[in-house]
$ cat run.csv   # CSV, C-alpha atoms
chain,number,residue,atom,x,y,z
X,222,MET,CA,-68.1,39.6,23.4
X,223,ALA,CA,-70.6,41.4,25.5
X,224,PHE,CA,-68.8,40.6,28.7
X,225,SER,CA,-65.9,42.7,27.7
X,226,PHE,CA,-67.9,45.7,28.5
X,227,PHE,CA,-68.3,44.9,32.2
X,228,ARG,CA,-65.8,46.6,34.5
X,229,GLY,CA,-65.7,44.8,37.7
X,230,ASN,CA,-68.7,45.6,39.9
X,231,LYS,CA,-68.9,49.3,39.0
X,232,PRO,CA,-72.3,50.5,37.6
X,233,SER,CA,-72.0,51.5,34.0
X,234,LEU,CA,-73.8,52.5,30.9
X,235,LEU,CA,-73.5,50.3,27.8
X,236,GLN,CA,-74.0,52.6,24.7
X,237,THR,CA,-75.2,51.4,21.3
X,238,GLY,CA,-75.1,53.9,18.5
X,239,PRO,CA,-74.9,56.1,16.6
X,240,GLY,CA,-74.0,54.0,13.6
X,241,GLY,CA,-74.1,50.7,15.5
X,242,GLN,CA,-70.9,51.4,17.5
X,243,SER,CA,-70.8,50.2,21.2
X,244,ARG,CA,-69.0,51.8,24.1
X,245,SER,CA,-69.1,51.3,27.9
X,246,HIS,CA,-69.1,54.2,30.4
X,247,ALA,CA,-68.3,53.6,34.1
X,248,LEU,CA,-70.6,55.7,36.4
X,249,ASP,CA,-67.8,56.7,38.8
X,250,ARG,CA,-69.0,60.2,39.5
X,251,PRO,CA,-72.0,61.5,41.4
X,252,GLU,CA,-73.4,63.2,38.3
X,253,MET,CA,-72.7,62.4,34.6
X,254,SER,CA,-74.1,64.4,31.7
X,255,ILE,CA,-75.0,63.0,28.3
X,256,GLY,CA,-75.1,65.1,25.2
X,257,ARG,CA,-73.4,66.3,22.0
X,258,ALA,CA,-71.6,69.2,23.7
X,259,SER,CA,-67.8,68.8,24.1
X,260,ASN,CA,-68.0,69.4,27.8
X,261,ALA,CA,-70.6,66.6,28.4
X,262,ASP,CA,-69.3,63.7,30.5
X,263,ILE,CA,-70.5,61.3,27.9
X,264,VAL,CA,-70.2,62.9,24.4
X,265,VAL,CA,-72.5,61.5,21.7
X,266,ASP,CA,-71.8,62.7,18.2
X,267,ASP,CA,-75.5,62.8,17.1
X,268,PRO,CA,-77.2,65.9,15.7
X,269,PHE,CA,-80.5,64.7,17.2
X,270,LEU,CA,-79.2,65.1,20.7
X,271,ALA,CA,-79.2,68.4,22.7
X,272,PRO,CA,-75.9,69.7,23.9
X,273,ILE,CA,-76.8,68.4,27.4
X,274,HIS,CA,-79.6,65.9,26.8
X,275,ALA,CA,-79.8,64.0,30.0
X,276,ARG,CA,-78.0,63.5,33.3
X,277,ILE,CA,-77.4,60.4,35.4
X,278,GLU,CA,-77.3,61.1,39.2
X,279,LYS,CA,-76.2,58.9,42.0
X,280,GLN,CA,-78.6,58.9,45.0
X,281,GLY,CA,-77.8,58.7,48.7
X,282,ASP,CA,-78.8,55.0,48.9
X,283,GLY,CA,-76.4,54.1,46.1
X,284,GLY,CA,-79.0,53.9,43.4
X,285,PHE,CA,-79.1,56.0,40.2
X,286,ILE,CA,-81.7,58.1,38.5
X,287,ILE,CA,-81.9,59.6,35.0
X,288,ARG,CA,-83.0,63.2,34.6
X,289,ARG,CA,-84.3,64.7,31.4
X,290,MET,CA,-82.8,68.1,30.7
X,291,GLY,CA,-85.3,70.7,29.4
X,292,LEU,CA,-87.8,69.2,26.9
X,293,ASN,CA,-85.4,66.8,25.3
X,294,PRO,CA,-87.2,63.5,24.5
X,295,ILE,CA,-86.1,60.3,26.2
X,296,MET,CA,-87.7,56.9,25.9
X,297,LEU,CA,-87.2,54.8,29.0
X,298,ARG,CA,-88.5,51.2,29.0
X,299,GLY,CA,-90.5,52.1,25.8
X,300,GLU,CA,-92.3,55.1,27.4
X,301,ALA,CA,-91.6,58.8,27.2
X,302,LEU,CA,-89.8,60.1,30.3
X,303,LEU,CA,-91.5,63.1,31.9
X,304,GLN,CA,-88.7,64.3,34.3
X,305,THR,CA,-86.8,61.8,36.4
X,306,ALA,CA,-87.0,58.0,37.0
X,307,SER,CA,-85.0,55.4,38.9
X,308,LEU,CA,-82.8,53.1,37.0
X,309,LYS,CA,-82.8,49.4,37.5
X,310,SER,CA,-80.2,47.0,36.3
X,311,GLY,CA,-81.0,46.1,32.7
X,312,ASP,CA,-83.1,49.2,32.0
X,313,SER,CA,-82.6,50.7,28.5
X,314,PHE,CA,-83.3,54.3,27.4
X,315,ARG,CA,-83.1,55.9,24.0
X,316,LEU,CA,-81.9,59.4,23.1
X,317,GLY,CA,-82.2,61.0,19.7
X,318,LYS,CA,-82.8,58.9,16.7
X,319,ASP,CA,-80.8,55.7,17.3
X,320,VAL,CA,-78.7,56.1,20.4
X,321,GLU,CA,-79.5,53.6,23.2
X,322,PHE,CA,-78.0,53.1,26.7
X,323,GLN,CA,-78.4,50.1,29.0
X,324,PHE,CA,-77.8,50.6,32.7
X,325,LEU,CA,-75.7,47.8,34.3
X,326,GLU,CA,-75.2,47.6,38.0
X,327,LYS,CA,-72.6,44.8,38.3
X,328,ALA,CA,-71.1,41.9,36.4
X,329,PRO,CA,-72.9,38.6,36.9
X,330,ALA,CA,-69.6,36.6,36.9
X,331,LYS,CA,-69.8,35.8,40.6
X,332,GLU,CA,-73.1,34.0,40.2
X,333,ALA,CA,-71.5,31.3,38.0
X,334,PRO,CA,-69.8,29.3,40.8
X,335,LYS,CA,-73.0,29.2,42.8
X,336,LYS,CA,-74.9,27.8,39.8
X,337,GLU,CA,-72.1,25.2,39.3
X,338,ALA,CA,-72.1,24.2,42.9
X,339,ALA,CA,-75.9,23.7,42.7
X,340,LYS,CA,-75.3,21.3,39.9
X,341,THR,CA,-72.4,19.3,41.3
X,342,GLY,CA,-72.8,19.6,45.1
X,343,ASP,CA,-75.8,17.3,45.4
X,344,ASP,CA,-75.6,13.7,44.1
X,345,LYS,CA,-79.1,12.8,45.3
X,346,PRO,CA,-81.7,12.0,42.6
X,347,LYS,CA,-84.0,14.9,42.1
X,348,LYS,CA,-87.8,14.7,42.0
X,349,PRO,CA,-89.5,15.3,38.7
X,350,LEU,CA,-90.2,18.9,38.1
X,351,LEU,CA,-94.0,18.6,38.5
X,352,LYS,CA,-93.5,17.1,41.9
X,353,GLN,CA,-91.1,19.7,43.3
X,354,PRO,CA,-92.9,21.9,46.0
X,355,ALA,CA,-91.1,25.1,44.8
X,356,PHE,CA,-92.2,24.5,41.2
X,357,LEU,CA,-95.8,23.8,42.3
X,358,ALA,CA,-95.8,26.9,44.5
X,359,GLY,CA,-94.6,29.0,41.6
X,360,MET,CA,-97.3,27.7,39.3
X,361,GLY,CA,-99.9,28.5,41.9
X,362,LEU,CA,-98.7,32.1,42.2
X,363,ALA,CA,-98.6,32.4,38.4
X,364,TYR,CA,-102.2,31.1,38.2
X,365,LEU,CA,-103.3,33.6,40.9
X,366,ALA,CA,-101.6,36.5,39.1
X,367,ILE,CA,-103.2,35.6,35.8
X,368,VAL,CA,-106.7,35.4,37.4
X,369,GLY,CA,-106.1,38.7,39.1
X,370,ILE,CA,-105.1,40.4,35.8
X,371,VAL,CA,-108.1,38.9,34.0
X,372,GLY,CA,-110.4,40.1,36.7
X,373,TYR,CA,-108.9,43.6,36.6
X,374,VAL,CA,-109.4,43.8,32.8
X,375,ILE,CA,-113.0,42.6,33.1
X,376,LEU,CA,-113.9,44.9,35.9
X,377,SER,CA,-112.0,48.0,34.6
X,378,ASP,CA,-113.2,50.4,31.9
X,379,SER,CA,-112.3,48.5,28.7
X,380,GLY,CA,-112.1,51.8,26.7
X,381,SER,CA,-109.5,53.4,28.9
X,382,THR,CA,-105.8,52.9,29.3
X,383,GLU,CA,-104.4,53.9,32.7
X,384,GLY,CA,-101.1,55.5,33.1
X,385,GLY,CA,-99.3,58.8,33.1
X,386,PRO,CA,-99.7,61.5,30.5
X,387,THR,CA,-97.6,60.7,27.3
X,388,ALA,CA,-98.0,61.7,23.7
X,389,GLU,CA,-98.8,58.0,22.9
X,390,ARG,CA,-101.6,58.1,25.5
X,391,ILE,CA,-103.0,61.3,24.1
X,392,ASN,CA,-103.0,59.9,20.5
X,393,ALA,CA,-104.7,56.8,21.7
X,394,GLU,CA,-107.5,58.8,23.5
X,395,ALA,CA,-108.0,61.0,20.5
X,396,ALA,CA,-108.4,57.9,18.3
X,397,ARG,CA,-111.3,56.8,20.5
X,398,ILE,CA,-113.4,60.0,20.0
X,399,PRO,CA,-115.5,58.6,17.0
X,400,THR,CA,-116.3,55.6,19.1
X,401,CYS,CA,-117.4,57.8,22.0
X,402,ILE,CA,-119.7,59.7,19.6
X,403,LYS,CA,-121.3,56.4,18.6
X,404,ASN,CA,-121.8,55.4,22.2
X,405,ALA,CA,-123.3,58.8,23.0
X,406,ARG,CA,-125.8,58.3,20.2
X,407,ARG,CA,-126.8,54.9,21.5
X,408,MET,CA,-127.3,56.4,25.0
X,409,ARG,CA,-129.6,59.1,23.7
X,410,GLN,CA,-131.7,56.4,22.1
X,411,VAL,CA,-132.0,54.6,25.4
X,412,SER,CA,-132.4,57.6,27.7
X,413,GLU,CA,-132.5,61.3,26.8
X,414,ALA,CA,-132.0,62.2,30.4
X,415,SER,CA,-128.9,60.1,30.7
X,416,PHE,CA,-127.5,61.7,27.5
X,417,ASN,CA,-128.2,65.2,28.7
X,418,GLY,CA,-126.5,64.4,32.0
X,419,ALA,CA,-123.4,63.0,30.3
X,420,VAL,CA,-122.9,65.1,27.2
X,421,GLY,CA,-122.5,68.9,27.4
X,422,GLY,CA,-121.0,71.6,25.1
X,423,ARG,CA,-122.5,73.8,22.5
X,424,VAL,CA,-124.3,72.4,19.4
X,425,GLY,CA,-122.6,74.9,17.1
X,426,ARG,CA,-123.8,77.1,14.3
X,427,ASP,CA,-123.7,76.9,10.6
X,428,GLY,CA,-123.0,73.2,10.6
X,429,ASP,CA,-120.0,73.3,13.0
X,430,ALA,CA,-118.8,69.8,13.6
X,431,THR,CA,-118.8,69.9,17.4
X,432,TYR,CA,-118.9,66.8,19.6
X,433,ALA,CA,-122.4,67.6,20.8
X,434,ALA,CA,-123.7,68.3,17.3
X,435,LEU,CA,-122.4,64.9,16.0
X,436,SER,CA,-123.7,63.1,19.1
X,437,LEU,CA,-127.2,64.6,18.6
X,438,SER,CA,-127.3,63.8,14.9
X,439,ALA,CA,-127.8,60.4,13.3
X,440,ASP,CA,-125.7,61.3,10.3
X,441,PRO,CA,-123.1,60.4,9.3
X,442,ALA,CA,-124.0,56.8,10.1
X,443,ASP,CA,-121.2,54.7,8.8
X,444,ASP,CA,-117.9,54.5,10.6
X,445,ALA,CA,-115.7,55.9,7.9
X,446,ALA,CA,-117.9,58.9,7.3
X,447,LEU,CA,-118.2,59.6,11.1
X,448,ALA,CA,-114.4,59.3,11.5
X,449,LYS,CA,-114.0,61.9,8.7
X,450,ALA,CA,-116.6,64.2,10.2
X,451,ALA,CA,-114.9,63.9,13.7
X,452,GLU,CA,-111.4,64.5,12.3
X,453,PRO,CA,-111.3,68.3,13.2
X,454,ILE,CA,-112.3,67.4,16.8
X,455,VAL,CA,-109.7,64.7,17.0
X,456,GLU,CA,-106.9,66.9,15.6
X,457,ALA,CA,-107.9,69.8,17.9
X,458,TYR,CA,-107.9,67.4,20.9
X,459,LYS,CA,-104.4,66.2,20.1
X,460,ARG,CA,-103.0,69.7,19.6
X,461,THR,CA,-104.5,71.1,22.8
X,462,ALA,CA,-103.7,68.1,25.0
X,463,LEU,CA,-100.1,68.0,23.7
X,464,ALA,CA,-99.7,71.7,24.5
X,465,ALA,CA,-101.1,71.0,27.9
X,466,LEU,CA,-98.6,68.2,28.4
X,467,ALA,CA,-95.7,70.4,27.4
X,468,SER,CA,-96.8,73.1,29.8
X,469,GLU,CA,-97.1,70.5,32.6
X,470,ASN,CA,-93.6,69.2,31.8
X,471,ARG,CA,-92.3,72.7,32.0
X,472,GLY,CA,-93.9,73.2,35.4
X,473,ASN,CA,-96.4,75.8,34.2
X,474,ASN,CA,-99.4,74.2,35.9
X,475,THR,CA,-101.6,77.2,35.6
X,476,LEU,CA,-101.4,77.2,31.8
X,477,ALA,CA,-101.6,73.4,31.8
X,478,GLN,CA,-104.8,73.5,33.8
X,479,THR,CA,-106.4,75.9,31.3
X,480,LEU,CA,-105.3,73.8,28.3
X,481,TYR,CA,-106.6,70.6,29.9
X,482,GLN,CA,-110.0,72.3,30.4
X,483,GLN,CA,-110.0,73.4,26.8
X,484,THR,CA,-109.2,69.7,25.9
X,485,TYR,CA,-112.2,68.5,27.8
X,486,ASP,CA,-114.4,71.2,26.2
X,487,LEU,CA,-113.7,69.6,22.9
X,488,VAL,CA,-115.1,66.3,24.1
X,489,PRO,CA,-117.6,67.1,26.8
X,490,ASP,CA,-118.7,63.6,27.5
X,491,ILE,CA,-118.0,62.2,31.0
X,492,ASN,CA,-118.5,58.6,29.6
X,493,CYS,CA,-115.7,59.1,27.1
X,494,SER,CA,-112.2,58.1,28.2
X,495,ALA,CA,-110.7,61.0,26.3
X,496,ALA,CA,-112.8,63.5,28.4
X,497,ARG,CA,-111.9,61.7,31.6
X,498,PHE,CA,-108.2,61.8,30.8
X,499,ALA,CA,-108.4,65.6,30.4
X,500,LEU,CA,-110.3,66.0,33.7
X,501,GLN,CA,-107.8,63.8,35.5
X,502,ARG,CA,-104.9,65.8,34.2
X,503,ARG,CA,-106.6,69.1,35.0
X,504,ALA,CA,-107.1,67.9,38.6
X,505,ALA,CA,-103.5,66.6,38.8
X,506,VAL,CA,-102.0,70.0,37.9
X,507,LYS,CA,-104.4,72.1,40.0
X,508,PRO,CA,-102.3,74.2,42.3
X,509,ILE,CA,-102.6,73.2,46.0
X,510,ALA,CA,-104.5,75.8,48.0
X,511,ARG,CA,-102.4,77.4,50.7
X,512,ARG,CA,-103.9,77.9,54.1
$ encode --input "run.csv" --output "structure tokens"
Amino acid sequence: MAFSFFRGNKPSLLQTGPGGQSRSHALDRPEMSIGRASNADIVVDDPFLAPIHARIEKQGDGGFIIRRMGLNPIMLRGEALLQTASLKSGDSFRLGKDVEFQFLEKAPAKEAPKKEAAKTGDDKPKKPLLKQPAFLAGMGLAYLAIVGIVGYVILSDSGSTEGGPTAERINAEAARIPTCIKNARRMRQVSEASFNGAVGGRVGRDGDATYAALSLSADPADDAALAKAAEPIVEAYKRTALAALASENRGNNTLAQTLYQQTYDLVPDINCSAARFALQRRAAVKPIARR
């Protein structure tokens, strides 16, 4: 049934939802808008979509990109789309609550005769799979890839996740803050000088729960109590970092730089991945000096 949606070799979008319905849209124009407005090229009757939510654009090389319009959320390959991204055949992106599109470049029908010819065109007995050079070479490459990935994980910072700025990344970094405080406490026990070189910020007054204050104190000791005490810092980190991300997405890099600095000031510990994330984003949005 799925093959009924292919229309020759023209690139198309296969829409699923809302309500489970499926439709196919041929990408036969240089630009095609998607939204709930009546003048959109692809009209989607969903209140969670903006009037013009996204736009599909054909490039000079024949490829296609998806462009987010305004701050409308789009999930592409399971991650939030910042502005634009190239589309590859089979890519899926989600708009609104339950509307999903799959980008299809061409129908695979022409590949079937090739596969059939490969089956019937050679009557010679084939070698066992484990003795075929191509299979052995593929296994060797897979082994090298696995070794490389394991080596990267071991040598990289295990407490940090690389990648672009997303709300999911910010929430993950914020969740690590209580662990960072515990690590800072251990560092202070080993070396006061190393602690002072890594952790900055004010201690606070009248029992303020700042990062530095919690790092300098042995209490609370148990994980649950420490997580509770650090909760104001965690929530403030998420609010400030998300505001910085929104400013960055709008192109207001000056405000984004200020907000990322404020994010770092909440967790002033260079050994904490949450702090390093804020510093990296602050550097990324820093305006380029003109000569």
$ atom_distance --input "run.csv" --atom1 "CA of Ala467 in chain X" --atom2 "CA of Pro268 in chain X"
22.3 Å
$ atom_distance --input "run.csv" --atom1 "CA of Arg407 in chain X" --atom2 "CA of Thr431 in chain X"
17.5 Å
$ residues_around --input "run.csv" --residues "Cys401 in chain X" --least-positions-apart "4" --cutoff "8 Å" --atoms "only C-alpha atoms" --output "MDAnalysis selection string"
chainID X and resid 397 405 492:493
$ atom_distance --input "run.csv" --atom1 "CA of Ala430 in chain X" --atom2 "CA of Glu456 in chain X"
12.4 Å
$ residues_around --input "run.csv" --residues "Met408 in chain X" --least-positions-apart "2" --cutoff "12 Å" --atoms "all atoms listed in the file" --output "PyMOL selection string"
chain X and resi 401-406+410-420+436-437+490+492
$ closest_residue --input "run.csv" --among "X:Arg315, X:Lys459, X:Arg288, X:Arg276" --to "Leu235 in chain X" --atoms "all atoms listed in the file"
X:Arg315
$ residues_around --input "run.csv" --residues "Ile398 in chain X" --least-positions-apart "2" --cutoff "10 Å" --atoms "all atoms listed in the file" --output "PDB file with C-alpha atoms, keeping the file's coordinate frame"
ATOM      1  CA  ALA X 393    -104.700  56.800  21.700  1.00  0.00           C
ATOM      2  CA  GLU X 394    -107.500  58.800  23.500  1.00  0.00           C
ATOM      3  CA  ALA X 395    -108.000  61.000  20.500  1.00  0.00           C
ATOM      4  CA  ALA X 396    -108.400  57.900  18.300  1.00  0.00           C
ATOM      5  CA  THR X 400    -116.300  55.600  19.100  1.00  0.00           C
ATOM      6  CA  CYS X 401    -117.400  57.800  22.000  1.00  0.00           C
ATOM      7  CA  ILE X 402    -119.700  59.700  19.600  1.00  0.00           C
ATOM      8  CA  LYS X 403    -121.300  56.400  18.600  1.00  0.00           C
ATOM      9  CA  ASN X 404    -121.800  55.400  22.200  1.00  0.00           C
ATOM     10  CA  TYR X 432    -118.900  66.800  19.600  1.00  0.00           C
ATOM     11  CA  ALA X 448    -114.400  59.300  11.500  1.00  0.00           C
ATOM     12  CA  ALA X 451    -114.900  63.900  13.700  1.00  0.00           C
ATOM     13  CA  GLU X 452    -111.400  64.500  12.300  1.00  0.00           C
ATOM     14  CA  ILE X 454    -112.300  67.400  16.800  1.00  0.00           C
ATOM     15  CA  VAL X 455    -109.700  64.700  17.000  1.00  0.00           C
ATOM     16  CA  TYR X 458    -107.900  67.400  20.900  1.00  0.00           C
ATOM     17  CA  VAL X 488    -115.100  66.300  24.100  1.00  0.00           C
ATOM     18  CA  ASP X 490    -118.700  63.600  27.500  1.00  0.00           C
ATOM     19  CA  CYS X 493    -115.700  59.100  27.100  1.00  0.00           C
ATOM     20  CA  SER X 494    -112.200  58.100  28.200  1.00  0.00           C
ATOM     21  CA  ALA X 495    -110.700  61.000  26.300  1.00  0.00           C
ATOM     22  CA  ALA X 496    -112.800  63.500  28.400  1.00  0.00           C
TER      23      ALA X 496
END
$ closest_residue --input "run.csv" --among "X:Thr475, X:His246, X:Gly291, X:Asp266" --to "Gln304 in chain X" --atoms "only C-alpha atoms"
X:Gly291
$ closest_residue --input "run.csv" --among "X:Ser254, X:Gln501, X:Thr237, X:Asn260" --to "Ile286 in chain X" --atoms "only C-alpha atoms"
X:Ser254
$ residues_around --input "run.csv" --residues "Asn474 in chain X" --least-positions-apart "2" --cutoff "9 Å" --atoms "only C-alpha atoms" --output "list in words"
Ala465, Ser468, Glu469, Asn470, Arg471, Gly472, Leu476, Ala477, Gln478, Thr479, Arg503, Val506, Lys507 and Pro508 of chain X
$ decode --input "run.csv" --residues "range 386-408 of chain X" --atoms "N, CA, C and O atoms" --output "compact mmCIF listing (two decimals), in the first residue's frame"
# COMPACT_ATOMS: atom_id res chain seq x y z
N PRO X 386 23.43 23.22 20.30
CA PRO X 386 22.56 23.63 21.40
C PRO X 386 21.11 23.27 21.13
O PRO X 386 20.53 23.66 20.12
N THR X 387 20.51 22.50 22.01
CA THR X 387 19.10 22.15 21.94
C THR X 387 18.53 22.20 23.34
O THR X 387 19.28 22.20 24.33
N ALA X 388 17.21 22.24 23.44
CA ALA X 388 16.57 22.22 24.75
C ALA X 388 16.89 20.92 25.48
O ALA X 388 17.10 20.92 26.70
N GLU X 389 16.96 19.81 24.74
CA GLU X 389 17.30 18.53 25.37
C GLU X 389 18.71 18.57 25.94
O GLU X 389 18.96 18.05 27.04
N ARG X 390 19.64 19.16 25.20
CA ARG X 390 21.03 19.27 25.69
C ARG X 390 21.09 20.12 26.95
O ARG X 390 21.78 19.79 27.92
N ILE X 391 20.36 21.23 26.97
CA ILE X 391 20.35 22.11 28.13
C ILE X 391 19.79 21.39 29.35
O ILE X 391 20.34 21.47 30.46
N ASN X 392 18.69 20.67 29.18
CA ASN X 392 18.10 19.93 30.30
C ASN X 392 19.06 18.86 30.82
O ASN X 392 19.15 18.63 32.03
N ALA X 393 19.78 18.22 29.90
CA ALA X 393 20.72 17.19 30.31
C ALA X 393 21.88 17.79 31.10
O ALA X 393 22.32 17.22 32.11
N GLU X 394 22.39 18.93 30.64
CA GLU X 394 23.49 19.59 31.36
C GLU X 394 23.03 20.06 32.73
O GLU X 394 23.75 19.93 33.73
N ALA X 395 21.81 20.59 32.81
CA ALA X 395 21.29 21.05 34.10
C ALA X 395 21.16 19.91 35.09
O ALA X 395 21.43 20.06 36.29
N ALA X 396 20.78 18.74 34.59
CA ALA X 396 20.60 17.58 35.47
C ALA X 396 21.92 17.12 36.07
O ALA X 396 21.94 16.44 37.11
N ARG X 397 23.05 17.49 35.45
CA ARG X 397 24.36 17.06 35.96
C ARG X 397 24.91 17.98 37.05
O ARG X 397 25.96 17.69 37.64
N ILE X 398 24.24 19.08 37.33
CA ILE X 398 24.79 20.07 38.26
C ILE X 398 25.02 19.48 39.66
O ILE X 398 26.08 19.70 40.26
N PRO X 399 24.08 18.73 40.25
CA PRO X 399 24.37 18.14 41.57
C PRO X 399 25.61 17.24 41.56
O PRO X 399 26.40 17.25 42.51
N THR X 400 25.82 16.48 40.48
CA THR X 400 27.02 15.65 40.36
C THR X 400 28.26 16.51 40.29
O THR X 400 29.31 16.17 40.86
N CYS X 401 28.18 17.65 39.58
CA CYS X 401 29.32 18.56 39.51
C CYS X 401 29.68 19.09 40.90
O CYS X 401 30.87 19.24 41.23
N ILE X 402 28.68 19.38 41.71
CA ILE X 402 28.94 19.87 43.07
C ILE X 402 29.66 18.81 43.89
O ILE X 402 30.62 19.09 44.62
N LYS X 403 29.22 17.56 43.78
CA LYS X 403 29.88 16.46 44.49
C LYS X 403 31.34 16.32 44.04
O LYS X 403 32.24 16.13 44.87
N ASN X 404 31.58 16.44 42.73
CA ASN X 404 32.95 16.34 42.23
C ASN X 404 33.81 17.50 42.72
O ASN X 404 35.00 17.32 43.01
N ALA X 405 33.22 18.70 42.80
CA ALA X 405 33.96 19.85 43.31
C ALA X 405 34.33 19.66 44.78
O ALA X 405 35.43 20.03 45.21
N ARG X 406 33.45 19.07 45.55
CA ARG X 406 33.76 18.78 46.96
C ARG X 406 34.93 17.81 47.07
O ARG X 406 35.83 17.98 47.90
N ARG X 407 34.92 16.77 46.24
CA ARG X 407 36.02 15.81 46.27
C ARG X 407 37.34 16.47 45.89
O ARG X 407 38.39 16.18 46.48
N MET X 408 37.30 17.34 44.89
CA MET X 408 38.50 18.04 44.47
C MET X 408 39.07 18.89 45.61
O MET X 408 40.29 18.93 45.83
